[in-house]
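Report on one structure; see the data block that follows.
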Amino acid sequence: MGITVVALGGNAILQKGEKGTAEDQLRNIRKTAAQLAGLIEEGYSLVITHGNGPQVGNIMIQNEAGRDKVPQMPMDICGAQSQGMIGYMLQMCLRNALKQVGLNIPISTVVTQTLVDKHDPAFSHPTKPVGPFYSKEWAQERMEFHGESWIEDAGRGWRRVVPSPDPKAIIETPSIKSLVDQGHIVICSGGGGIPVIELEDGSLAGVEAVIEKDLSAEILATSIKADSLIILTDVNGAALNYTGSGETWLEEVTMSQLVRYYNESHFFEGSMRPKVKAIMRFIEHGGRLAVIACLDKAREAALGQTGTRIVAG
């Protein structure tokens with residue numbers, strides 16, 4: 001069946017209204033693991049990516065709360081922390097789910113760096129809100145003394161904004177591919193990967209930024225020559241006129257159709273637009289099947305039977 005990259009949305013780890021306790025997240029991940037185990041049982045070779053928004057946000061709050069007692073960590077290191085935390089929960093729950101169906105398959109979490117262009121225009125125009133809301137006074141202090149960018153958010157307070165550069169490459173691609181070839185299930189590229197830039201001497205340096213996780217999943221899928229990219233979220237695909245008059249859910253669509261809908265701005269930034277962009281890029285780069293579907297329809301999505309899907313050819 002080849003390699004299938006599964007990109008998990010935030011609902012796979014945390015549901016709306018939950019506080020984000022370890023118990024909350026483990027309960028959701030157990031359900032997600034059962035879905036993934038069903039695919040593996042049918043013979044799919046999985047590479048799994050995931051979001052990390054609430055988790056890295058909480059780590060940043062903890063950083064801020066303890067700033068007078070321990071050194072604060074920059075965003076790239078907070079992202080690495082979240083990859084380890086979520087990876088641990090996923091690999092443990094998935095191992096347990098596989099054991100219930102009589103499978104003993106090695107599972108590896110790879111702390112993953114994603115290369116971005118240090119000249120990406122996003123670095124001049126930070127737009128991605130991160131962390132909690134603060135007062136105007138706090139925001140002004142951070143801007144003046146720390147050089148950060150902050151915006152006022154619809155009367156709810158002030159939030160820091162960081163760049164969201166386009167991903168260019170997954171640094172750990174050779175390691176991930178080697179593990180897959182040895183029969184491992186691999187969890188990687190959490191939260192889009194830790195953003196790094198390449199310096200003049202070829203060395204890497206972490207930067208404070210947020211990479212769109214679905215675009216990073218496409219780069220990963222293409223770089224390891226996956227056959228399929230499945231983006232699992234809380235709705236079963238993309239829609240035209242979403243929640244409005246004449247709402248139409250897209251099923252199997254051609255590349256030209258989806259490009260037209262994308263250019264007509266049917267999909268919103270921060271939600272469906274990057275997912276649609278990711279599946280278009282995957283097919284353009286040689287992928288066989290790209291799908292956006294609901295988490296509880298993972299099997300049908302892998303078979304190309306549900307969700308919004310583009311098939312090569």
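By convention here, the chains of the structure tokens are called A, B, ... in the order presented, each chain's residues are numbered starting at 1, and ligands are numbered starting at 1 in the order presented.
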
Need to verify the contact set: Gln305 (chain A), 9 Å, only C-alpha atoms, exclusion of same-chain residues closer than 6 positions in sequence. Can you return it as a list in words?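 These residues fall inside the cut-off: Glu251, Glu252 and Arg299 of chain A.
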
Go ahead and write the selection's residues with N, CA and C atoms as an mmCIF file, in the first residue's frame.
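What follows is the written file out.cif:
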data_model
loop_
_atom_site.group_PDB
_atom_site.id
_atom_site.type_symbol
_atom_site.label_atom_id
_atom_site.label_comp_id
_atom_site.auth_asym_id
_atom_site.auth_seq_id
_atom_site.Cartn_x
_atom_site.Cartn_y
_atom_site.Cartn_z
ATOM 1 N N GLU A 251 -16.364 16.670 -2.680
ATOM 2 C CA GLU A 251 -15.974 15.265 -2.567
ATOM 3 C C GLU A 251 -14.767 15.048 -3.482
ATOM 4 N N GLU A 252 -14.863 14.196 -4.480
ATOM 5 C CA GLU A 252 -13.720 14.028 -5.380
ATOM 6 C C GLU A 252 -13.685 15.178 -6.369
ATOM 7 N N ARG A 299 -10.358 5.389 8.094
ATOM 8 C CA ARG A 299 -10.267 4.236 7.183
ATOM 9 C C ARG A 299 -10.847 4.576 5.816
#

Excluding Arg27 (chain A) and any residue of its chain fewer than 4 positions from it, enumerate the residues within 12 Å of it, using only C-alpha atoms, and give them as a PyMOL selection string. chain A and resi 11-15+18+20-23+31-34+89-90+93

Output the selection as an mmCIF file, in the first residue's frame - N, CA and C atoms for each residue.
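Wrote part-v1.cif, looks like this:
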data_model
loop_
_atom_site.group_PDB
_atom_site.id
_atom_site.type_symbol
_atom_site.label_atom_id
_atom_site.label_comp_id
_atom_site.auth_asym_id
_atom_site.auth_seq_id
_atom_site.Cartn_x
_atom_site.Cartn_y
_atom_site.Cartn_z
ATOM 1 N N ASN A 11 -8.171 18.339 17.223
ATOM 2 C CA ASN A 11 -9.220 17.575 17.901
ATOM 3 C C ASN A 11 -8.785 16.154 18.213
ATOM 4 N N ALA A 12 -7.678 15.695 17.619
ATOM 5 C CA ALA A 12 -7.165 14.365 17.932
ATOM 6 C C ALA A 12 -6.532 14.313 19.312
ATOM 7 N N ILE A 13 -6.193 15.492 19.847
ATOM 8 C CA ILE A 13 -5.486 15.571 21.124
ATOM 9 C C ILE A 13 -6.299 16.313 22.178
ATOM 10 N N LEU A 14 -7.024 17.334 21.761
ATOM 11 C CA LEU A 14 -7.765 18.174 22.708
ATOM 12 C C LEU A 14 -9.063 18.634 22.069
ATOM 13 N N GLN A 15 -10.167 18.477 22.802
ATOM 14 C CA GLN A 15 -11.480 18.885 22.304
ATOM 15 C C GLN A 15 -11.843 20.269 22.841
ATOM 16 N N GLU A 18 -12.231 21.685 26.781
ATOM 17 C CA GLU A 18 -11.402 20.953 27.739
ATOM 18 C C GLU A 18 -10.264 21.830 28.240
ATOM 19 N N GLY A 20 -7.219 20.789 29.011
ATOM 20 C CA GLY A 20 -5.918 20.378 28.526
ATOM 21 C C GLY A 20 -5.086 19.649 29.548
ATOM 22 N N THR A 21 -5.751 19.038 30.524
ATOM 23 C CA THR A 21 -5.012 18.232 31.493
ATOM 24 C C THR A 21 -4.428 17.007 30.797
ATOM 25 N N ALA A 22 -3.497 16.359 31.474
ATOM 26 C CA ALA A 22 -2.929 15.126 30.924
ATOM 27 C C ALA A 22 -4.028 14.102 30.688
ATOM 28 N N GLU A 23 -4.981 14.032 31.619
ATOM 29 C CA GLU A 23 -6.092 13.072 31.490
ATOM 30 C C GLU A 23 -6.937 13.391 30.263
ATOM 31 N N LYS A 31 -8.539 7.418 21.794
ATOM 32 C CA LYS A 31 -9.531 7.272 20.722
ATOM 33 C C LYS A 31 -8.862 7.407 19.350
ATOM 34 N N THR A 32 -7.969 8.387 19.233
ATOM 35 C CA THR A 32 -7.236 8.580 17.983
ATOM 36 C C THR A 32 -6.390 7.355 17.669
ATOM 37 N N ALA A 33 -5.716 6.816 18.692
ATOM 38 C CA ALA A 33 -4.851 5.643 18.503
ATOM 39 C C ALA A 33 -5.657 4.450 18.002
ATOM 40 N N ALA A 34 -6.885 4.307 18.475
ATOM 41 C CA ALA A 34 -7.725 3.204 18.020
ATOM 42 C C ALA A 34 -8.027 3.337 16.529
ATOM 43 N N MET A 89 2.852 10.614 24.346
ATOM 44 C CA MET A 89 1.476 10.175 24.561
ATOM 45 C C MET A 89 0.961 9.377 23.365
ATOM 46 N N LEU A 90 1.280 9.834 22.156
ATOM 47 C CA LEU A 90 0.830 9.130 20.954
ATOM 48 C C LEU A 90 1.470 7.750 20.844
ATOM 49 N N CYS A 93 0.002 5.334 23.571
ATOM 50 C CA CYS A 93 -1.388 4.932 23.323
ATOM 51 C C CYS A 93 -1.497 4.077 22.066
#

Determine the nearest neighbour of Glu200 (chain A) from the options A:Lys118, A:Glu264, A:Gly147, A:Lys213, counting only C-alpha atoms.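 Ranked by minimum distance to Glu200 (chain A), first place goes to A:Lys118.
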
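Residues lying within 8 Å of region 176-189 of chain A, counting only C-alpha atoms and ignoring same-chain neighbours fewer than 6 positions away, are A:Ser45, A:Leu46, A:Val47, A:Ile48, A:Thr49, A:His50, A:Gln83, A:Gly87, A:Leu90, A:Gln91, A:Ile105, A:Pro106, A:Ile107, A:Ser108, A:Thr109, A:Val110, A:Val111, A:Thr112, A:Gln113, A:Thr114, A:Ile170, A:Lys213, A:Ser216, A:Ala217, A:Leu220, A:Ile224.
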
Strand (DSSP E) positions in region 48-173 of chain A, given as a ChimeraX atom specification: /A:48-50,107-110,113-116,128-134,149-152,158-162,167-170

Written file, previous selection with C-alpha atoms, as an mmCIF file, in the first residue's frame:
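Everything below was put into again-v4.cif:
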data_model
loop_
_atom_site.group_PDB
_atom_site.id
_atom_site.type_symbol
_atom_site.label_atom_id
_atom_site.label_comp_id
_atom_site.auth_asym_id
_atom_site.auth_seq_id
_atom_site.Cartn_x
_atom_site.Cartn_y
_atom_site.Cartn_z
ATOM 1 C CA ILE A 48 2.005 10.538 11.767
ATOM 2 C CA THR A 49 2.169 14.310 12.211
ATOM 3 C CA HIS A 50 0.172 16.425 14.653
ATOM 4 C CA ILE A 107 6.972 3.154 17.088
ATOM 5 C CA SER A 108 9.459 6.029 17.067
ATOM 6 C CA THR A 109 9.014 9.728 17.767
ATOM 7 C CA VAL A 110 11.503 11.973 15.959
ATOM 8 C CA GLN A 113 13.360 20.485 12.504
ATOM 9 C CA THR A 114 11.813 22.227 9.502
ATOM 10 C CA LEU A 115 13.987 24.429 7.325
ATOM 11 C CA VAL A 116 12.638 27.845 6.365
ATOM 12 C CA LYS A 128 0.535 34.391 13.623
ATOM 13 C CA PRO A 129 -0.891 34.981 17.139
ATOM 14 C CA VAL A 130 0.705 32.865 19.873
ATOM 15 C CA GLY A 131 0.203 32.518 23.603
ATOM 16 C CA PRO A 132 -2.404 34.124 25.885
ATOM 17 C CA PHE A 133 -3.882 37.624 25.971
ATOM 18 C CA TYR A 134 -2.178 40.388 27.940
ATOM 19 C CA SER A 149 5.503 42.217 17.676
ATOM 20 C CA TRP A 150 2.070 42.433 19.361
ATOM 21 C CA ILE A 151 -1.461 43.182 18.163
ATOM 22 C CA GLU A 152 -4.749 44.066 19.820
ATOM 23 C CA TRP A 158 -3.094 41.964 23.258
ATOM 24 C CA ARG A 159 -1.331 38.918 21.779
ATOM 25 C CA ARG A 160 2.131 38.381 20.481
ATOM 26 C CA VAL A 161 2.421 37.679 16.755
ATOM 27 C CA VAL A 162 5.291 35.797 15.112
ATOM 28 C CA PRO A 167 8.411 25.266 4.999
ATOM 29 C CA LYS A 168 11.190 24.277 2.587
ATOM 30 C CA ALA A 169 12.556 20.949 3.851
ATOM 31 C CA ILE A 170 12.415 18.479 6.731
#

Per residue of region 147-238 of chain A within 9 Å of region 280-288 of chain A, which atom pair is closest and at what distance in Å (one decimal), using only C-alpha atoms, listed by chain and increasing number, as CSV?
residue,atom,partner,partner_atom,distance
A:Leu215,CA,A:Arg281,CA,8.4
A:Glu218,CA,A:Phe282,CA,5.7
A:Ile219,CA,A:Phe282,CA,7.9
A:Ala221,CA,A:Phe282,CA,7.5
A:Thr222,CA,A:Phe282,CA,6.5
A:Lys225,CA,A:Gly287,CA,7.6
A:Ala226,CA,A:Gly287,CA,6.8
A:Asp227,CA,A:Arg288,CA,5.2
A:Ser228,CA,A:Arg288,CA,5.8
A:Leu229,CA,A:Phe282,CA,7.4

List as a ChimeraX atom specification the protein and nucleic acid residues near region 53-61 of chain A, meaning an atom at most 6 Å away when only C-alpha atoms are counted, but skip any in the same chain fewer than 3 places from it. /A:64,79,82,131

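The spacing separating CA of Gly246 (chain A) from CA of Arg273 (chain A) amounts to 18.9 Å.
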
Helix (DSSP H, G or I) call set, DSSP backbone run, region 184-254 of chain A, as a PyMOL selection string: chain A and resi 190-192+213-223

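Across A:Gly270, A:Gly237, A:Pro195, A:Gly202, the tightest approach to Ile77 (chain A) is made by A:Pro195 when counting only C-alpha atoms.
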
Within 9 Å of Val101 (chain A), counting only C-alpha atoms, which residues show up once you throw out same-chain ones fewer than 4 positions away? Write them as a list of chain:residue names, please.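 Surrounding residues, per the criterion: A:Ala37, A:Gly38, A:Glu41, A:Ala97.
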
So that I have them on file, write out the residues from the current selection with N, CA and C atoms, as a CSV table (one decimal), in the first residue's frame.
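File written: selection.csv
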chain,number,residue,atom,x,y,z
A,37,ALA,N,-4.7,2.5,14.7
A,37,ALA,CA,-4.5,1.1,14.8
A,37,ALA,C,-5.3,0.3,13.8
A,38,GLY,N,-6.5,0.8,13.5
A,38,GLY,CA,-7.3,0.1,12.5
A,38,GLY,C,-6.7,0.2,11.1
A,41,GLU,N,-3.7,-2.2,11.1
A,41,GLU,CA,-4.1,-3.6,11.1
A,41,GLU,C,-4.4,-4.0,9.6
A,97,ALA,N,-2.9,0.3,21.7
A,97,ALA,CA,-4.0,-0.1,20.8
A,97,ALA,C,-3.6,-1.2,19.9

Could you please determine the separation between CA of Ser223 (chain A) and CA of Leu289 (chain A) in Å, to one decimal place?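 Rounded to one decimal, the two atoms are 15.3 Å apart.
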
Option closest in space to Met92 (chain A), from A:Arg156, A:Arg30, A:His146, A:Arg67 [counting only C-alpha atoms]: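 Nearest to Met92 (chain A): A:Arg30.
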
For Gly157 (chain A), which of A:Thr127, A:Thr4, A:Ser175, A:Ser135 is the closest residue, counting only C-alpha atoms?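 So, comparing all the options, the nearest one is A:Ser135.
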